[in-house]
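The next block is start.pdb, given as PDB, C-alpha atoms and all ligand atoms.
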ATOM      1  CA  MET K1394      96.219  10.173   4.716
ATOM      2  CA  ARG K1395      99.249  11.788   3.092
ATOM      3  CA  ILE K1396     102.238  11.983   5.426
ATOM      4  CA  VAL K1397     105.226  13.988   4.209
ATOM      5  CA  VAL K1398     108.597  13.495   5.880
ATOM      6  CA  ILE K1399     110.879  16.367   4.911
ATOM      7  CA  ARG K1400     114.227  14.611   5.579
ATOM      8  CA  ASN K1401     115.498  11.074   5.957
ATOM      9  CA  LEU K1402     114.144   9.428   9.094
ATOM     10  CA  PRO K1403     115.235   6.162  10.799
ATOM     11  CA  GLU K1404     113.286   3.235   9.316
ATOM     12  CA  PRO K1405     111.437   2.213  12.530
ATOM     13  CA  ALA K1406     109.800   5.648  12.577
ATOM     14  CA  VAL K1407     108.854   5.436   8.893
ATOM     15  CA  ALA K1408     107.340   1.999   9.528
ATOM     16  CA  LEU K1409     105.262   3.450  12.350
ATOM     17  CA  LEU K1410     104.064   6.286  10.109
ATOM     18  CA  ARG K1411     102.975   3.760   7.457
ATOM     19  CA  THR K1412     100.379   2.427   9.929
ATOM     20  CA  ALA K1413      98.513   5.743   9.589
ATOM     21  CA  GLY K1414      98.833   6.623   5.907
ATOM     22  CA  GLU K1415     100.820   6.886   2.724
ATOM     23  CA  VAL K1416     104.317   8.088   3.563
ATOM     24  CA  HIS K1417     106.373  10.305   1.232
ATOM     25  CA  VAL K1418     109.957  10.749   2.389
ATOM     26  CA  CYS K1419     112.027  13.504   0.771
ATOM     27  CA  GLU K1420     115.163  11.417   0.758
ATOM     28  CA  ARG K1421     117.732  13.966   1.716
ATOM     29  CA  ASP K1422     119.525  15.197   4.822
ATOM     30  CA  ARG K1423     119.643  18.917   4.056
ATOM     31  CA  ALA K1424     116.752  21.358   4.395
ATOM     32  CA  LEU K1425     114.756  21.962   1.213
ATOM     33  CA  ASP K1426     114.785  25.464  -0.176
ATOM     34  CA  PRO K1427     111.484  27.307   0.486
ATOM     35  CA  ALA K1428     109.974  26.679  -2.975
ATOM     36  CA  ASP K1429     110.784  22.934  -2.876
ATOM     37  CA  LEU K1430     109.500  22.754   0.694
ATOM     38  CA  ARG K1431     106.168  24.277  -0.361
ATOM     39  CA  ARG K1432     105.911  21.816  -3.274
ATOM     40  CA  ALA K1433     106.771  18.872  -1.021
ATOM     41  CA  VAL K1434     104.103  19.567   1.592
ATOM     42  CA  ALA K1435     101.250  20.312  -0.845
ATOM     43  CA  GLY K1436      98.245  18.181   0.073
ATOM     44  CA  ALA K1437      99.811  16.775   3.248
ATOM     45  CA  ASP K1438      97.668  15.733   6.202
ATOM     46  CA  ALA K1439     100.785  15.423   8.343
ATOM     47  CA  VAL K1440     104.338  16.701   8.031
ATOM     48  CA  VAL K1441     107.411  15.539   9.916
ATOM     49  CA  ALA K1442     109.729  18.561  10.037
ATOM     50  CA  MET K1443     113.105  19.406  11.492
ATOM     51  CA  LEU K1444     114.949  22.447  12.691
ATOM     52  CA  GLY K1445     115.924  24.416   9.618
ATOM     53  CA  ASP K1446     112.485  23.840   8.051
ATOM     54  CA  ARG K1447     110.536  27.099   8.304
ATOM     55  CA  VAL K1448     106.970  26.166   9.285
ATOM     56  CA  ASP K1449     104.902  29.324   8.962
ATOM     57  CA  ALA K1450     101.853  30.783   7.213
ATOM     58  CA  ALA K1451     103.368  30.220   3.734
ATOM     59  CA  PHE K1452     104.074  26.591   4.669
ATOM     60  CA  ALA K1453     100.515  26.083   5.936
ATOM     61  CA  ASP K1454      99.066  27.762   2.814
ATOM     62  CA  ALA K1455     101.173  25.481   0.610
ATOM     63  CA  ALA K1456     100.122  22.379   2.535
ATOM     64  CA  GLY K1457      96.416  23.224   2.351
ATOM     65  CA  PRO K1458      93.476  23.259   4.773
ATOM     66  CA  GLN K1459      93.549  19.470   5.303
ATOM     67  CA  LEU K1460      96.861  19.772   7.237
ATOM     68  CA  LYS K1461      96.314  18.332  10.711
ATOM     69  CA  VAL K1462      99.689  17.945  12.358
ATOM     70  CA  VAL K1463     103.298  19.110  12.100
ATOM     71  CA  ALA K1464     105.649  16.929  14.142
ATOM     72  CA  ASN K1465     108.988  18.654  14.713
ATOM     73  CA  VAL K1466     111.819  16.189  15.350
ATOM     74  CA  ALA K1467     113.468  18.335  18.028
ATOM     75  CA  VAL K1468     112.657  19.614  21.477
ATOM     76  CA  GLY K1469     113.155  23.197  20.254
ATOM     77  CA  TYR K1470     110.514  24.569  17.911
ATOM     78  CA  ASP K1471     111.686  28.089  17.132
ATOM     79  CA  ASN K1472     111.441  27.112  13.424
ATOM     80  CA  VAL K1473     107.645  26.797  13.820
ATOM     81  CA  ASP K1474     105.193  29.688  14.041
ATOM     82  CA  VAL K1475     103.097  27.883  16.647
ATOM     83  CA  PRO K1476     100.303  30.511  17.049
ATOM     84  CA  GLU K1477      99.887  30.638  13.255
ATOM     85  CA  LEU K1478      99.618  26.866  12.925
ATOM     86  CA  THR K1479      97.449  26.217  15.969
ATOM     87  CA  GLY K1480      95.255  29.157  14.915
ATOM     88  CA  ARG K1481      94.504  27.146  11.781
ATOM     89  CA  GLY K1482      93.641  24.072  13.846
ATOM     90  CA  VAL K1483      96.974  22.321  13.124
ATOM     91  CA  THR K1484      98.533  20.413  16.032
ATOM     92  CA  VAL K1485     102.247  21.086  16.539
ATOM     93  CA  THR K1486     104.359  18.541  18.426
ATOM     94  CA  ASN K1487     107.998  18.314  19.528
ATOM     95  CA  THR K1488     110.204  15.629  21.106
ATOM     96  CA  PRO K1489     110.910  16.521  24.745
ATOM     97  CA  GLY K1490     112.424  14.102  27.236
ATOM     98  CA  VAL K1491     114.027  11.597  24.887
ATOM     99  CA  LEU K1492     117.061  13.803  24.195
ATOM    100  CA  THR K1493     117.590  15.149  27.708
ATOM    101  CA  ASP K1494     120.485  12.874  28.727
ATOM    102  CA  ALA K1495     122.306  13.000  25.394
ATOM    103  CA  THR K1496     122.163  16.807  25.333
ATOM    104  CA  ALA K1497     123.174  17.126  28.984
ATOM    105  CA  ASP K1498     126.116  14.764  28.384
ATOM    106  CA  LEU K1499     127.273  16.927  25.503
ATOM    107  CA  ALA K1500     126.830  20.172  27.450
ATOM    108  CA  PHE K1501     128.973  18.745  30.217
ATOM    109  CA  ALA K1502     131.528  17.498  27.703
ATOM    110  CA  LEU K1503     131.792  21.114  26.514
ATOM    111  CA  VAL K1504     132.244  22.284  30.113
ATOM    112  CA  LEU K1505     135.180  19.884  30.465
ATOM    113  CA  MET K1506     136.606  20.662  27.040
ATOM    114  CA  ALA K1507     136.524  24.394  27.652
ATOM    115  CA  THR K1508     137.768  24.384  31.257
ATOM    116  CA  ARG K1509     140.543  21.814  30.636
ATOM    117  CA  ARG K1510     141.535  23.062  27.146
ATOM    118  CA  LEU K1511     140.971  19.663  25.581
ATOM    119  CA  GLY K1512     140.402  20.829  22.012
ATOM    120  CA  GLU K1513     143.535  22.930  22.215
ATOM    121  CA  GLY K1514     145.546  19.964  23.535
ATOM    122  CA  GLU K1515     144.299  17.700  20.770
ATOM    123  CA  ARG K1516     145.110  20.286  18.104
ATOM    124  CA  LEU K1517     148.593  20.711  19.582
ATOM    125  CA  ILE K1518     149.403  17.008  19.246
ATOM    126  CA  ARG K1519     147.938  16.700  15.756
ATOM    127  CA  SER K1520     149.855  19.762  14.574
ATOM    128  CA  GLY K1521     153.119  17.992  15.415
ATOM    129  CA  THR K1522     154.168  20.816  17.758
ATOM    130  CA  PRO K1523     156.852  19.518  20.142
ATOM    131  CA  TRP K1524     155.673  19.338  23.753
ATOM    132  CA  PHE K1525     156.836  17.951  27.091
ATOM    133  CA  PHE K1526     155.253  17.577  30.497
ATOM    134  CA  HIS K1527     156.015  20.366  32.960
ATOM    135  CA  LEU K1528     154.143  21.845  35.867
ATOM    136  CA  GLY K1529     152.933  24.902  34.047
ATOM    137  CA  PHE K1530     151.943  23.150  30.823
ATOM    138  CA  MET K1531     148.469  23.873  29.406
ATOM    139  CA  LEU K1532     146.803  24.571  32.722
ATOM    140  CA  GLY K1533     143.036  24.697  32.820
ATOM    141  CA  THR K1534     140.745  25.235  35.780
ATOM    142  CA  GLY K1535     139.121  22.671  38.064
ATOM    143  CA  LEU K1536     135.404  22.408  38.688
ATOM    144  CA  GLN K1537     135.250  21.365  42.340
ATOM    145  CA  GLY K1538     133.640  24.045  44.488
ATOM    146  CA  LYS K1539     132.945  26.273  41.473
ATOM    147  CA  THR K1540     129.501  27.618  40.612
ATOM    148  CA  LEU K1541     127.611  26.449  37.566
ATOM    149  CA  GLY K1542     125.039  29.047  36.521
ATOM    150  CA  ILE K1543     122.246  27.544  34.479
ATOM    151  CA  ILE K1544     119.983  29.780  32.437
ATOM    152  CA  GLY K1545     116.765  27.766  32.037
ATOM    153  CA  LEU K1546     116.417  24.993  34.615
ATOM    154  CA  GLY K1547     114.076  22.795  32.553
ATOM    155  CA  GLY K1548     114.662  19.097  31.934
ATOM    156  CA  ILE K1549     118.013  19.499  30.173
ATOM    157  CA  GLY K1550     119.223  22.200  32.582
ATOM    158  CA  GLN K1551     118.399  19.924  35.517
ATOM    159  CA  ALA K1552     120.213  16.993  33.901
ATOM    160  CA  VAL K1553     123.298  19.187  33.433
ATOM    161  CA  ALA K1554     123.039  20.294  37.059
ATOM    162  CA  ARG K1555     123.016  16.631  38.203
ATOM    163  CA  ARG K1556     126.193  15.959  36.263
ATOM    164  CA  ALA K1557     127.789  19.113  37.691
ATOM    165  CA  ARG K1558     126.909  18.060  41.250
ATOM    166  CA  ALA K1559     128.818  14.821  40.669
ATOM    167  CA  PHE K1560     131.840  17.012  39.825
ATOM    168  CA  GLY K1561     131.484  18.904  43.105
ATOM    169  CA  MET K1562     129.985  22.073  41.624
ATOM    170  CA  ARG K1563     127.446  24.369  43.258
ATOM    171  CA  ILE K1564     124.328  25.180  41.279
ATOM    172  CA  ALA K1565     122.697  28.554  40.688
ATOM    173  CA  TYR K1566     120.060  29.247  38.079
ATOM    174  CA  SER K1567     117.951  31.938  36.530
ATOM    175  CA  GLY K1568     115.082  31.855  34.099
ATOM    176  CA  ARG K1569     111.533  32.908  33.459
ATOM    177  CA  ARG K1570     110.146  30.582  36.104
ATOM    178  CA  ARG K1571     111.351  29.327  39.426
ATOM    179  CA  ALA K1572     111.813  25.544  39.557
ATOM    180  CA  ALA K1573     109.702  23.412  41.886
ATOM    181  CA  ALA K1574     110.889  23.383  45.494
ATOM    182  CA  ALA K1575     111.694  19.652  45.207
ATOM    183  CA  VAL K1576     113.992  20.317  42.224
ATOM    184  CA  GLU K1577     115.752  23.161  44.057
ATOM    185  CA  ALA K1578     116.203  20.904  47.081
ATOM    186  CA  GLU K1579     117.510  17.932  45.088
ATOM    187  CA  LEU K1580     120.079  20.066  43.248
ATOM    188  CA  ASP K1581     120.716  22.451  46.118
ATOM    189  CA  ALA K1582     120.083  25.105  43.473
ATOM    190  CA  ARG K1583     119.848  28.835  44.220
ATOM    191  CA  PHE K1584     117.511  30.969  42.113
ATOM    192  CA  LEU K1585     119.196  34.263  41.211
ATOM    193  CA  PRO K1586     118.274  37.255  39.095
ATOM    194  CA  GLN K1587     120.160  36.939  35.820
ATOM    195  CA  ASP K1588     122.582  39.809  36.471
ATOM    196  CA  GLU K1589     123.669  38.203  39.748
ATOM    197  CA  LEU K1590     123.973  34.806  38.103
ATOM    198  CA  LEU K1591     126.256  36.280  35.435
ATOM    199  CA  ARG K1592     128.420  37.976  38.077
ATOM    200  CA  GLU K1593     128.708  34.941  40.377
ATOM    201  CA  SER K1594     129.063  31.950  38.054
ATOM    202  CA  ASP K1595     132.309  30.286  37.049
ATOM    203  CA  VAL K1596     130.610  28.359  34.260
ATOM    204  CA  ILE K1597     127.383  29.470  32.573
ATOM    205  CA  SER K1598     125.367  26.956  30.587
ATOM    206  CA  LEU K1599     122.416  28.028  28.422
ATOM    207  CA  HIS K1600     119.281  25.868  28.347
ATOM    208  CA  CYS K1601     116.532  28.324  27.430
ATOM    209  CA  PRO K1602     114.468  28.162  24.234
ATOM    210  CA  LEU K1603     115.043  30.729  21.498
ATOM    211  CA  THR K1604     112.279  33.331  21.675
ATOM    212  CA  GLU K1605     112.136  37.070  21.005
ATOM    213  CA  GLN K1606     112.961  37.523  24.722
ATOM    214  CA  THR K1607     116.054  35.282  24.655
ATOM    215  CA  ARG K1608     117.534  36.382  21.296
ATOM    216  CA  HIS K1609     120.971  37.838  22.149
ATOM    217  CA  LEU K1610     120.310  37.250  25.842
ATOM    218  CA  ILE K1611     124.080  36.939  26.068
ATOM    219  CA  ASP K1612     125.217  40.179  24.483
ATOM    220  CA  ALA K1613     128.215  42.446  25.070
ATOM    221  CA  ALA K1614     126.739  43.756  28.349
ATOM    222  CA  ALA K1615     126.043  40.253  29.678
ATOM    223  CA  LEU K1616     129.561  39.129  28.737
ATOM    224  CA  ALA K1617     131.022  42.197  30.461
ATOM    225  CA  ALA K1618     129.154  41.256  33.633
ATOM    226  CA  MET K1619     130.800  37.791  33.777
ATOM    227  CA  LYS K1620     134.008  36.999  35.629
ATOM    228  CA  PRO K1621     137.150  37.203  33.459
ATOM    229  CA  SER K1622     137.676  33.530  34.382
ATOM    230  CA  ALA K1623     134.128  32.533  33.327
ATOM    231  CA  VAL K1624     133.333  29.872  30.744
ATOM    232  CA  LEU K1625     130.171  30.059  28.614
ATOM    233  CA  VAL K1626     128.546  26.908  27.193
ATOM    234  CA  ASN K1627     125.715  26.990  24.655
ATOM    235  CA  THR K1628     123.829  23.868  23.585
ATOM    236  CA  SER K1629     120.464  25.653  23.194
ATOM    237  CA  ARG K1630     120.171  27.793  20.058
ATOM    238  CA  GLY K1631     122.863  29.925  18.440
ATOM    239  CA  PRO K1632     121.000  33.251  18.381
ATOM    240  CA  VAL K1633     120.700  33.241  22.186
ATOM    241  CA  VAL K1634     124.313  34.475  22.051
ATOM    242  CA  ASP K1635     125.553  37.502  20.127
ATOM    243  CA  GLU K1636     128.410  35.694  18.394
ATOM    244  CA  ALA K1637     130.284  38.832  17.333
ATOM    245  CA  ALA K1638     130.215  40.099  20.930
ATOM    246  CA  LEU K1639     131.310  36.687  22.192
ATOM    247  CA  ALA K1640     134.231  36.525  19.772
ATOM    248  CA  ALA K1641     135.326  40.010  20.876
ATOM    249  CA  ALA K1642     135.066  39.048  24.566
ATOM    250  CA  LEU K1643     137.052  35.834  24.041
ATOM    251  CA  ARG K1644     139.716  37.610  22.045
ATOM    252  CA  ALA K1645     140.093  40.368  24.644
ATOM    253  CA  GLY K1646     140.129  37.887  27.550
ATOM    254  CA  ARG K1647     136.981  39.433  29.045
ATOM    255  CA  ILE K1648     135.855  35.831  29.610
ATOM    256  CA  ALA K1649     138.133  32.789  29.631
ATOM    257  CA  ALA K1650     136.542  30.364  27.184
ATOM    258  CA  ALA K1651     133.380  29.211  25.449
ATOM    259  CA  GLY K1652     132.009  25.844  24.348
ATOM    260  CA  LEU K1653     129.476  26.101  21.532
ATOM    261  CA  ASP K1654     127.369  23.388  19.905
ATOM    262  CA  VAL K1655     125.039  25.832  18.136
ATOM    263  CA  PHE K1656     125.570  28.958  16.036
ATOM    264  CA  GLU K1657     123.702  32.078  14.998
ATOM    265  CA  GLU K1658     123.778  31.335  11.261
ATOM    266  CA  GLU K1659     124.120  27.575  11.437
ATOM    267  CA  PRO K1660     125.919  25.822   9.796
ATOM    268  CA  ALA K1661     128.103  28.926   9.301
ATOM    269  CA  VAL K1662     130.335  29.832  12.230
ATOM    270  CA  HIS K1663     131.455  33.388  12.919
ATOM    271  CA  PRO K1664     134.914  33.539  11.280
ATOM    272  CA  GLU K1665     136.529  35.141  14.332
ATOM    273  CA  LEU K1666     135.509  32.196  16.521
ATOM    274  CA  LEU K1667     137.399  29.856  14.201
ATOM    275  CA  GLU K1668     140.618  31.691  14.998
ATOM    276  CA  LEU K1669     140.312  31.494  18.768
ATOM    277  CA  ASP K1670     141.928  28.723  20.796
ATOM    278  CA  ASN K1671     139.624  29.434  23.729
ATOM    279  CA  ALA K1672     136.491  28.623  21.693
ATOM    280  CA  VAL K1673     135.460  24.956  21.544
ATOM    281  CA  LEU K1674     133.229  24.449  18.505
ATOM    282  CA  LEU K1675     131.010  21.446  17.780
ATOM    283  CA  PRO K1676     128.573  20.922  14.868
ATOM    284  CA  HIS K1677     125.215  20.730  16.735
ATOM    285  CA  LEU K1678     125.790  17.268  18.211
ATOM    286  CA  GLY K1679     123.669  17.667  21.372
ATOM    287  CA  SER K1680     121.225  14.866  20.603
ATOM    288  CA  ALA K1681     123.467  12.998  18.163
ATOM    289  CA  THR K1682     123.478   9.442  19.488
ATOM    290  CA  GLU K1683     121.991   6.463  17.643
ATOM    291  CA  GLU K1684     119.613   5.790  20.512
ATOM    292  CA  THR K1685     118.456   9.365  20.931
ATOM    293  CA  ARG K1686     117.920  10.158  17.270
ATOM    294  CA  THR K1687     115.900   6.952  16.855
ATOM    295  CA  ALA K1688     113.839   7.800  19.922
ATOM    296  CA  MET K1689     113.226  11.347  18.639
ATOM    297  CA  ALA K1690     112.067  10.055  15.248
ATOM    298  CA  GLU K1691     109.817   7.455  16.856
ATOM    299  CA  LEU K1692     108.251  10.010  19.181
ATOM    300  CA  ALA K1693     107.571  12.307  16.214
ATOM    301  CA  ALA K1694     105.976   9.373  14.382
ATOM    302  CA  ARG K1695     103.835   8.481  17.415
ATOM    303  CA  ASN K1696     102.625  12.080  17.504
ATOM    304  CA  VAL K1697     101.585  11.920  13.852
ATOM    305  CA  VAL K1698      99.873   8.557  14.268
ATOM    306  CA  GLY K1699      98.130   9.806  17.419
ATOM    307  CA  VAL K1700      96.661  12.819  15.636
ATOM    308  CA  LEU K1701      95.716  11.017  12.404
ATOM    309  CA  THR K1702      94.014   8.145  14.233
ATOM    310  CA  GLY K1703      92.095  10.473  16.528
ATOM    311  CA  ASN K1704      93.895   9.325  19.682
ATOM    312  CA  GLY K1705      95.615  12.660  20.164
ATOM    313  CA  PRO K1706      99.245  13.754  20.173
ATOM    314  CA  VAL K1707     101.731  12.425  22.753
ATOM    315  CA  THR K1708     103.777  15.597  23.194
ATOM    316  CA  PRO K1709     101.887  18.603  21.804
ATOM    317  CA  VAL K1710     103.353  22.088  21.949
ATOM    318  CA  ALA K1711     101.065  24.544  23.743
ATOM    319  CA  ALA K1712     100.115  27.552  21.604
TER     320      ALA K1712
HETATM  321  C1  LIG X1801     116.607  20.003  19.589
HETATM  322  O1  LIG X1801     116.025  18.932  19.760
HETATM  323  O2  LIG X1801     116.035  21.077  19.721
HETATM  324  C2  LIG X1801     118.059  19.939  19.246
HETATM  325  O3  LIG X1801     118.641  21.146  19.025
HETATM  326  C3  LIG X1801     118.307  18.994  18.106
HETATM  327  O4  LIG X1801     118.338  17.773  18.673
END
Would you mind writing the structure in this file as C-alpha cells?
Ligand code: DGY
Amino acid sequence: MRIVVIRNLPEPAVALLRTAGEVHVCERDRALDPADLRRAVAGADAVVAMLGDRVDAAFADAAGPQLKVVANVAVGYDNVDVPELTGRGVTVTNTPGVLTDATADLAFALVLMATRRLGEGERLIRSGTPWFFHLGFMLGTGLQGKTLGIIGLGGIGQAVARRARAFGMRIAYSGRRRAAAAVEAELDARFLPQDELLRESDVISLHCPLTEQTRHLIDAAALAAMKPSAVLVNTSRGPVVDEAALAAALRAGRIAAAGLDVFEEEPAVHPELLELDNAVLLPHLGSATEETRTAMAELAARNVVGVLTGNGPVTPVAA
C-alpha cells in the first residue's frame, strides 16, 4: 500500500503508518502548490492531509481509483470536499477529541488577553514607553457575572464553557442543534436564537465549523447587534468572520475588542487589524502543544491503518 503524507508528521505517527504500507513523506511544513500536490498523491492508497491542502475532485483524479482513505490531521475538514470523496468510495477522517482541551485553553487565553488588554500591555513595555501604576491605568473588564455566548456548543465549545464557569461567567449558546439536556444542565447553559445571543453576550466565542451557512456568520449586521462593550473570540475558521467588517467595527468602537487565532486568508492578516490595539492576533495556535499535535498525528495514522487493514476508521467524517 502506498501511503502519502503531505507534510512532516511526528515520527511515532510515521512509524504507525509503516505497519500498513510504504510511507512517502513530503518533507516540508508548507502546503504544496496544486500541481505538486497532484504529483505527490498519484497512485496513493492513503493520504494524510492537513488544512491548507485542497482535497477535491482534482485531487481524487490525480490520486487514482485505488485511493481508499484521506486522513485530515485536524478536527475541521472544510479543506475536503467530503461528498465528492465519499461518493468515490474514499473514507475521509478527521481528529476530533484529542485537541479539545488545547483549543479551549487557547480560546480562553484569548478571552483573557482581549478583556484585560494583555497584548497591549506587553507591547507597551517592550516599546520602552514610560509607564507607572495608577488607578485608571490600562483598565480592562472583569469576567465575573458576565455572559459568554458560544456559537456552536460542540466538544470545544463545551470545554470553553467549563473554563468560563470557573471564572464565574454565565453561559448562553446558539447553533444549528440544541445540546443534550445533560450538557445544558451541567453548564447551566441557555439556548438562544443567534440574534438574541449577539445582543446579550459580553464575550462571544465561535466554535462552529466553516460551511456555506457559517461563512461570514459574523458580518457587519451581526457586529452591529453586539454590545459596544462586547469581545469577539474566533478559534474556529477565519472566514466565519468578515474581517473587513470586524476591523471597521473595532476601529469605530462598535465592539470593544477581538481575539483571533484564525484568519480569512491565512496566513495573511487583514492589514487594518494589524493597526488596531484592540485586536489580539495569534498565528493559528489552537492545537499547538507537543502533546496535542502528536495525538492528532497518531489518530490520523490510526485511521489510515484502520482503513488499509480492513478494520475500519476510528473517527470517520460522515458524508
Ligand atoms: C483543527 O484541528 O481544525 C485546527 O484548526 C488545527 O488544529
Pick from K:Thr1708, K:Ser1629, K:Thr1682, K:Thr1607 nearest to ligand LIG 1801 (chain X), counting only C-alpha atoms and all ligand atoms: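 Of K:Thr1708, K:Ser1629, K:Thr1682, K:Thr1607, the one nearest ligand LIG 1801 (chain X), counting only C-alpha atoms and all ligand atoms, is K:Ser1629.
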Given 6 Å and all atoms listed in the file, residues near ligand LIG 1801 (chain X) as a count of residues only: 5
Selection: 9 Å around K:Thr1508, all atoms listed in the file, excl. self and same-chain fewer than 3 positions, as a list of chain:residue names: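 In the requested format, the answer is K:Leu1503, K:Val1504, K:Leu1505, K:Leu1511, K:Gly1533, K:Thr1534, K:Gly1535, K:Leu1536, K:Val1596, K:Val1624, K:Ala1649, K:Ala1650, K:Ala1651.
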Closest of K:Leu1460, K:Ile1549, K:Met1619, K:Val1448 to K:Val1491 - atom-to-atom distances counting only C-alpha atoms: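 With only C-alpha atoms as the atom set, the closest residue is K:Ile1549.
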Once the PyMOL selection byres (((chain K and resi 1498) around 12) and not hetatm) has been applied to the shown file, what residues remain in the selection, as a PDB file with C-alpha atoms, keeping the file's coordinate frame?
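Result written to selection_35.pdb:
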ATOM      1  CA  LEU K1492     117.061  13.803  24.195  1.00  0.00           C
ATOM      2  CA  THR K1493     117.590  15.149  27.708  1.00  0.00           C
ATOM      3  CA  ASP K1494     120.485  12.874  28.727  1.00  0.00           C
ATOM      4  CA  ALA K1495     122.306  13.000  25.394  1.00  0.00           C
ATOM      5  CA  THR K1496     122.163  16.807  25.333  1.00  0.00           C
ATOM      6  CA  ALA K1497     123.174  17.126  28.984  1.00  0.00           C
ATOM      7  CA  LEU K1499     127.273  16.927  25.503  1.00  0.00           C
ATOM      8  CA  ALA K1500     126.830  20.172  27.450  1.00  0.00           C
ATOM      9  CA  PHE K1501     128.973  18.745  30.217  1.00  0.00           C
ATOM     10  CA  ALA K1502     131.528  17.498  27.703  1.00  0.00           C
ATOM     11  CA  LEU K1503     131.792  21.114  26.514  1.00  0.00           C
ATOM     12  CA  VAL K1504     132.244  22.284  30.113  1.00  0.00           C
ATOM     13  CA  LEU K1505     135.180  19.884  30.465  1.00  0.00           C
ATOM     14  CA  ILE K1549     118.013  19.499  30.173  1.00  0.00           C
ATOM     15  CA  GLY K1550     119.223  22.200  32.582  1.00  0.00           C
ATOM     16  CA  GLN K1551     118.399  19.924  35.517  1.00  0.00           C
ATOM     17  CA  ALA K1552     120.213  16.993  33.901  1.00  0.00           C
ATOM     18  CA  VAL K1553     123.298  19.187  33.433  1.00  0.00           C
ATOM     19  CA  ALA K1554     123.039  20.294  37.059  1.00  0.00           C
ATOM     20  CA  ARG K1555     123.016  16.631  38.203  1.00  0.00           C
ATOM     21  CA  ARG K1556     126.193  15.959  36.263  1.00  0.00           C
ATOM     22  CA  ALA K1557     127.789  19.113  37.691  1.00  0.00           C
ATOM     23  CA  THR K1628     123.829  23.868  23.585  1.00  0.00           C
ATOM     24  CA  LEU K1678     125.790  17.268  18.211  1.00  0.00           C
ATOM     25  CA  GLY K1679     123.669  17.667  21.372  1.00  0.00           C
ATOM     26  CA  SER K1680     121.225  14.866  20.603  1.00  0.00           C
ATOM     27  CA  ALA K1681     123.467  12.998  18.163  1.00  0.00           C
ATOM     28  CA  THR K1682     123.478   9.442  19.488  1.00  0.00           C
ATOM     29  CA  THR K1685     118.456   9.365  20.931  1.00  0.00           C
TER      30      THR K1685
END
K:Val1398 environment, 6 Å, all atoms listed in the file, sequence neighbours closer than 5 positions dropped, as an MDAnalysis selection string: chainID K and resid 1418 1440:1441
Distance in Å - atom CA of K:Gly1482 versus atom CA of K:Thr1604: 22.2 Å
Expected selection from the PyMOL selection byres (((chain K and resi 1589-1595) around 10) and not hetatm), given as a PyMOL selection string: chain K and resi 1508+1534+1536+1538-1544+1562-1567+1583-1588+1596-1598+1611+1615-1625+1648-1649
Just C-alpha atoms for this one: save the residues we selected as an mmCIF file, in the frame of the given file.
data_model
loop_
_atom_site.group_PDB
_atom_site.id
_atom_site.type_symbol
_atom_site.label_atom_id
_atom_site.label_comp_id
_atom_site.auth_asym_id
_atom_site.auth_seq_id
_atom_site.Cartn_x
_atom_site.Cartn_y
_atom_site.Cartn_z
ATOM 1 C CA THR K 1508 137.768 24.384 31.257
ATOM 2 C CA THR K 1534 140.745 25.235 35.780
ATOM 3 C CA LEU K 1536 135.404 22.408 38.688
ATOM 4 C CA GLY K 1538 133.640 24.045 44.488
ATOM 5 C CA LYS K 1539 132.945 26.273 41.473
ATOM 6 C CA THR K 1540 129.501 27.618 40.612
ATOM 7 C CA LEU K 1541 127.611 26.449 37.566
ATOM 8 C CA GLY K 1542 125.039 29.047 36.521
ATOM 9 C CA ILE K 1543 122.246 27.544 34.479
ATOM 10 C CA ILE K 1544 119.983 29.780 32.437
ATOM 11 C CA MET K 1562 129.985 22.073 41.624
ATOM 12 C CA ARG K 1563 127.446 24.369 43.258
ATOM 13 C CA ILE K 1564 124.328 25.180 41.279
ATOM 14 C CA ALA K 1565 122.697 28.554 40.688
ATOM 15 C CA TYR K 1566 120.060 29.247 38.079
ATOM 16 C CA SER K 1567 117.951 31.938 36.530
ATOM 17 C CA ARG K 1583 119.848 28.835 44.220
ATOM 18 C CA PHE K 1584 117.511 30.969 42.113
ATOM 19 C CA LEU K 1585 119.196 34.263 41.211
ATOM 20 C CA PRO K 1586 118.274 37.255 39.095
ATOM 21 C CA GLN K 1587 120.160 36.939 35.820
ATOM 22 C CA ASP K 1588 122.582 39.809 36.471
ATOM 23 C CA VAL K 1596 130.610 28.359 34.260
ATOM 24 C CA ILE K 1597 127.383 29.470 32.573
ATOM 25 C CA SER K 1598 125.367 26.956 30.587
ATOM 26 C CA ILE K 1611 124.080 36.939 26.068
ATOM 27 C CA ALA K 1615 126.043 40.253 29.678
ATOM 28 C CA LEU K 1616 129.561 39.129 28.737
ATOM 29 C CA ALA K 1617 131.022 42.197 30.461
ATOM 30 C CA ALA K 1618 129.154 41.256 33.633
ATOM 31 C CA MET K 1619 130.800 37.791 33.777
ATOM 32 C CA LYS K 1620 134.008 36.999 35.629
ATOM 33 C CA PRO K 1621 137.150 37.203 33.459
ATOM 34 C CA SER K 1622 137.676 33.530 34.382
ATOM 35 C CA ALA K 1623 134.128 32.533 33.327
ATOM 36 C CA VAL K 1624 133.333 29.872 30.744
ATOM 37 C CA LEU K 1625 130.171 30.059 28.614
ATOM 38 C CA ILE K 1648 135.855 35.831 29.610
ATOM 39 C CA ALA K 1649 138.133 32.789 29.631
#
Residue among K:Val1483, K:Ala1424, K:Ala1575, K:Leu1444 lying closest to K:Val1466, counting only C-alpha atoms: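 Ranking K:Val1483, K:Ala1424, K:Ala1575, K:Leu1444 by distance to K:Val1466, first place goes to K:Leu1444.
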Distance of atom CA of K:Glu1658 from atom CA of K:Ala1640, expressed in Å to one decimal place: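 Distance reported for this atom pair: 14.4 Å.
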Around all of stretch 1672-1687 of chain K's listed atoms, make the axis-aligned box with 5 Å on each side and tell me centre and edge lengths in Å to one decimal, as AutoDock Vina command-line options.
--center_x 126.2 --center_y 17.2 --center_z 18.3 --size_x 30.6 --size_y 32.8 --size_z 16.8
Polymer residues at most 10 Å from stretch 1461-1464 of chain K, only C-alpha atoms, same-chain spacing of 6 or more positions, as a PyMOL selection string: chain K and resi 1396-1398+1437-1443+1448+1453+1470+1473+1475+1478-1479+1481-1488+1690+1692-1701+1706+1708-1710
Selection under test: the PyMOL selection byres (((chain K and resi 1432) around 12) and not hetatm); residues as an NGL selection string: :K and (1397 or 1399 or 1419 or 1425-1431 or 1433-1437 or 1451-1457)
